[in-house]
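Notes to accompany the following structure.
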Amino acid sequence: MVGNMEKEAIFYHAIAQHAAGSYADISRLKKNFASWEETYRAIPDLRDAPNPEMAYEMLRKSGISLALKEDSRYPLLLREIPHPPFGIYIKGMPPENDQLTIAIVGTRRATPDGKSTARSFAAKLARAGISIASGLAFGVDTAAHEGCLDAGGRTIAVLACGLANIYPRNNESIARKILTQGGAIISEYPPDMPAYPSRFLERNRIISGISKGTLVIESPERSGSLATARFAFEQNRDVFVVPGGVAHPNFKGSNQLIRQGAELITCTEDILESYGIFKEKRDVSLAARTPEEKTILEFLAQLDGAADIDKIIDLTKLEPRIANQTVSTLYIKGLIKEQSDGYMIN
């Protein structure tokens, strides 16, 4: 037997398809009715529309779930924003409502240093138990998702299109890894909806809306990340900014946000302290059994991210053969782990 919540979801999905996912059109249709079923039955000219039950069953079989605003699966923080989506389509498992989520956003044309910064911040936040939200775009978004995934964390990608078509297509492998590692891909648009330019702005309110704070890395004067930060301000959420050179175009928007009251940060600990999270420091070198193990453990403990074997050899000054043997031993002991970009403390 279909429960009332699922019944409402069935008719909401039909309405969302009819309105091509337009928040304004859905809001207008619903204005004078108490339920989504009443709204659907009042819409004229639906003779050629798909059967709502059949359409919803197709949605379910595709692995996409739909959470209405009244549903317990709908993020609590998102309910609080102005104009929250009536429903969100979900692939995967979004974090529990008691898990802290931080959005990391920035320009698609990020510098190599900006991408490295995004990846490092995301990894350290993930290792502190924080979920990372972003938009799966190129540049800072991609680096943030990758950094979180490399650290074994959970990340949420918010799309400006339906979940049947990952955009940009080149990031499909990242999307698959997000789901494999227990994260989620979400959208307010029905599965087959394309990514129109206006939808990128609309989805930015969701990125900030599901997050307790938004971290901006490299935001030009006119950019989607600047809009996300402004949504965060409007939603009474925290805004953190990594500052940059006044002459660099990628930091004009970032520095403007700092003048408007965003918190300037230079390291992950600044964010952790804002939420009362203090990482317990442990002396990993105590687990070393040889001077070489101690050298490599102390070196890796100082890093924000990972280091490949060449970097370990270069900076520890160990002989290549000794360094390789020691790294292998530490890996077997479980004291270090291997990531896509090298080794790090486990």
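By convention here, the chains of the structure tokens are called A, B, ... in the order presented, each chain's residues are numbered starting at 1, and ligands are numbered starting at 1 in the order presented.
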Next on the checklist: I'd like the neighbourhood of segment 117-120 of chain A as a ChimeraX atom specification, where a residue qualifies if any of its atoms comes within 9 Å (using only C-alpha atoms), though same-chain residues fewer than 4 positions away should be ignored.
Outcome noted: /A:104-106,112-113,124-125,140-148,150,217,242,268,304-305
Next on the checklist: What's around segment 73-86 of chain A at 7 Å? Count only C-alpha atoms, leave out sequence neighbours fewer than 6 positions away in its own chain, and write the answer as a VMD selection string.
Outcome noted: chain A and resid 67 97 188 206 209 to 210 235
Keeping only C-alpha atoms, write the selected residues to a file as a CSV table (one decimal), in the first residue's frame.
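Dumped everything to again_17.csv:
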chain,number,residue,atom,x,y,z
A,67,ALA,CA,12.5,13.5,-0.9
A,97,ASN,CA,21.4,15.7,9.6
A,188,GLU,CA,16.0,19.7,-7.6
A,206,ILE,CA,21.2,24.5,-2.5
A,209,GLY,CA,21.7,25.6,1.9
A,210,ILE,CA,22.8,22.1,2.8
A,235,GLN,CA,20.8,32.1,4.7
Item to check | DSSP helix (DSSP H, G or I) residues within segment 36-252 of chain A, as an NGL selection string | outcome: :A and (36-41 or 52-61 or 76-79 or 112-127 or 140-150 or 169-180 or 197-209 or 224-234 or 249-252)
Checklist entry - Can you list, as a ChimeraX atom specification, every residue of segment 117-235 of chain A that DSSP puts in strand (DSSP E or B)? => result /A:131-134,155-158,184-187,213-217
If you count only C-alpha atoms, which residues fall within 10 Å of segment 193-198 of chain A, apart from same-chain ones fewer than 2 positions away, as an mmCIF file with C-alpha atoms, in the first residue's frame?
data_model
loop_
_atom_site.group_PDB
_atom_site.id
_atom_site.type_symbol
_atom_site.label_atom_id
_atom_site.label_comp_id
_atom_site.auth_asym_id
_atom_site.auth_seq_id
_atom_site.Cartn_x
_atom_site.Cartn_y
_atom_site.Cartn_z
ATOM 1 C CA GLN A 17 8.165 16.921 -15.121
ATOM 2 C CA ALA A 20 10.352 21.128 -16.546
ATOM 3 C CA GLY A 21 11.634 21.573 -13.005
ATOM 4 C CA LEU A 159 23.852 19.430 -10.053
ATOM 5 C CA ALA A 160 22.227 22.090 -12.206
ATOM 6 C CA CYS A 161 20.615 19.373 -14.317
ATOM 7 C CA GLY A 162 18.759 16.117 -13.784
ATOM 8 C CA LEU A 163 20.567 13.116 -12.327
ATOM 9 C CA ALA A 164 20.213 11.025 -15.488
ATOM 10 C CA ASN A 165 22.908 13.140 -17.142
ATOM 11 C CA ILE A 166 26.052 14.021 -15.198
ATOM 12 C CA TYR A 167 27.360 17.469 -16.101
ATOM 13 C CA PRO A 168 30.115 18.018 -16.988
ATOM 14 C CA GLU A 188 15.973 19.749 -7.625
ATOM 15 C CA TYR A 189 15.338 18.947 -11.297
ATOM 16 C CA PRO A 190 13.695 15.800 -12.716
ATOM 17 C CA PRO A 191 16.229 13.272 -14.084
ATOM 18 C CA PHE A 200 23.570 27.014 -12.131
ATOM 19 C CA LEU A 201 22.577 30.072 -10.124
ATOM 20 C CA GLU A 202 19.496 28.308 -8.739
ATOM 21 C CA ARG A 203 21.482 25.272 -7.622
#
Next on the checklist: Show me, as a PyMOL selection string, the residues that have an atom within 12 Å of Gly276 of chain A when counting only C-alpha atoms, minus same-chain residues fewer than 5 positions from it.
Outcome noted: chain A and resi 100+128+269-271
Just write the chosen residues, C-alpha atoms, as a compact mmCIF listing (two decimals), in the first residue's frame.
# COMPACT_ATOMS: atom_id res chain seq x y z
CA LEU A 100 28.59 18.84 9.72
CA ALA A 128 38.02 15.56 10.76
CA GLU A 269 42.29 24.64 11.69
CA ASP A 270 40.63 28.07 11.41
CA ILE A 271 37.42 26.37 10.25
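By chain and then residue number, the residues within 6 Å of segment 172-183 of chain A are A:Gly92, A:Met93, A:Pro94, A:Arg154, A:Thr155, A:Ile156, counting only C-alpha atoms and disregarding those fewer than 6 positions away in sequence.
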Item to check | Nearest residue to Glu8 of chain A from the set A:Arg60, A:Arg28, A:Lys69, A:Arg169 (distances using only C-alpha atoms) | outcome: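 Selected residue with least distance to Glu8 of chain A: A:Lys69.
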Next on the checklist: What does the structure give for the distance between atom CA of Ala133 of chain A and atom CA of Ile90 of chain A, in Å to one decimal?
Outcome noted: 13.9 Å
Next on the checklist: Excluding Thr39 of chain A and its own-chain neighbours fewer than 3 positions away, which residues fall within 9 Å of it when counting only C-alpha atoms? Please give them as number ranges by chain.
Outcome noted: A: 11-12, 15, 29-36, 42-43
Can you write just those residues out, N, CA and C atoms, as an mmCIF file, in the first residue's frame?
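Okay, part.cif is ready:
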data_model
loop_
_atom_site.group_PDB
_atom_site.id
_atom_site.type_symbol
_atom_site.label_atom_id
_atom_site.label_comp_id
_atom_site.auth_asym_id
_atom_site.auth_seq_id
_atom_site.Cartn_x
_atom_site.Cartn_y
_atom_site.Cartn_z
ATOM 1 N N PHE A 11 2.854 12.396 -7.255
ATOM 2 C CA PHE A 11 2.221 13.502 -7.987
ATOM 3 C C PHE A 11 3.154 14.706 -8.108
ATOM 4 N N TYR A 12 4.016 14.913 -7.109
ATOM 5 C CA TYR A 12 4.987 16.005 -7.243
ATOM 6 C C TYR A 12 5.920 15.743 -8.427
ATOM 7 N N ILE A 15 4.260 16.640 -11.590
ATOM 8 C CA ILE A 15 4.170 18.097 -11.748
ATOM 9 C C ILE A 15 5.528 18.683 -12.118
ATOM 10 N N LEU A 29 1.659 26.729 -9.697
ATOM 11 C CA LEU A 29 0.658 25.670 -9.818
ATOM 12 C C LEU A 29 0.130 25.239 -8.450
ATOM 13 N N LYS A 30 1.003 25.213 -7.462
ATOM 14 C CA LYS A 30 0.646 24.711 -6.129
ATOM 15 C C LYS A 30 -0.092 25.751 -5.284
ATOM 16 N N LYS A 31 -0.019 27.001 -5.661
ATOM 17 C CA LYS A 31 -0.439 28.126 -4.825
ATOM 18 C C LYS A 31 -1.795 27.941 -4.170
ATOM 19 N N ASN A 32 -2.772 27.441 -4.872
ATOM 20 C CA ASN A 32 -4.143 27.387 -4.350
ATOM 21 C C ASN A 32 -4.588 25.999 -3.898
ATOM 22 N N PHE A 33 -3.635 25.094 -3.717
ATOM 23 C CA PHE A 33 -4.021 23.718 -3.380
ATOM 24 C C PHE A 33 -3.254 23.220 -2.162
ATOM 25 N N ALA A 34 -3.875 22.307 -1.439
ATOM 26 C CA ALA A 34 -3.290 21.805 -0.195
ATOM 27 C C ALA A 34 -2.345 20.644 -0.421
ATOM 28 N N SER A 35 -2.489 19.927 -1.517
ATOM 29 C CA SER A 35 -1.659 18.751 -1.753
ATOM 30 C C SER A 35 -1.172 18.729 -3.193
ATOM 31 N N TRP A 36 -0.153 17.905 -3.430
ATOM 32 C CA TRP A 36 0.361 17.764 -4.783
ATOM 33 C C TRP A 36 -0.611 16.988 -5.669
ATOM 34 N N ALA A 42 -5.683 19.388 -11.023
ATOM 35 C CA ALA A 42 -6.241 20.670 -11.466
ATOM 36 C C ALA A 42 -5.539 21.222 -12.707
ATOM 37 N N ILE A 43 -4.471 20.579 -13.128
ATOM 38 C CA ILE A 43 -3.725 21.063 -14.303
ATOM 39 C C ILE A 43 -4.444 20.626 -15.573
#
Next on the checklist: I'd like the contact shell of segment 219-232 of chain A - 6 Å cut-off, only C-alpha atoms, skipping same-chain residues fewer than 6 positions apart - returned as a PyMOL selection string.
Outcome noted: chain A and resi 105-107+204-205+208+249-254
Checklist entry - Looking at A:Lys61, A:Arg259, A:Lys311, A:Lys115, which one is nearest to Met344 of chain A, with distances taken over only C-alpha atoms? => result A:Lys311
Checklist entry - Pick the closest to Ser274 of chain A from A:Arg289, A:Pro50, A:Asp238, A:Tyr343: which is it, counting only C-alpha atoms? => result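 Of all the options, A:Asp238 lies closest to Ser274 of chain A.
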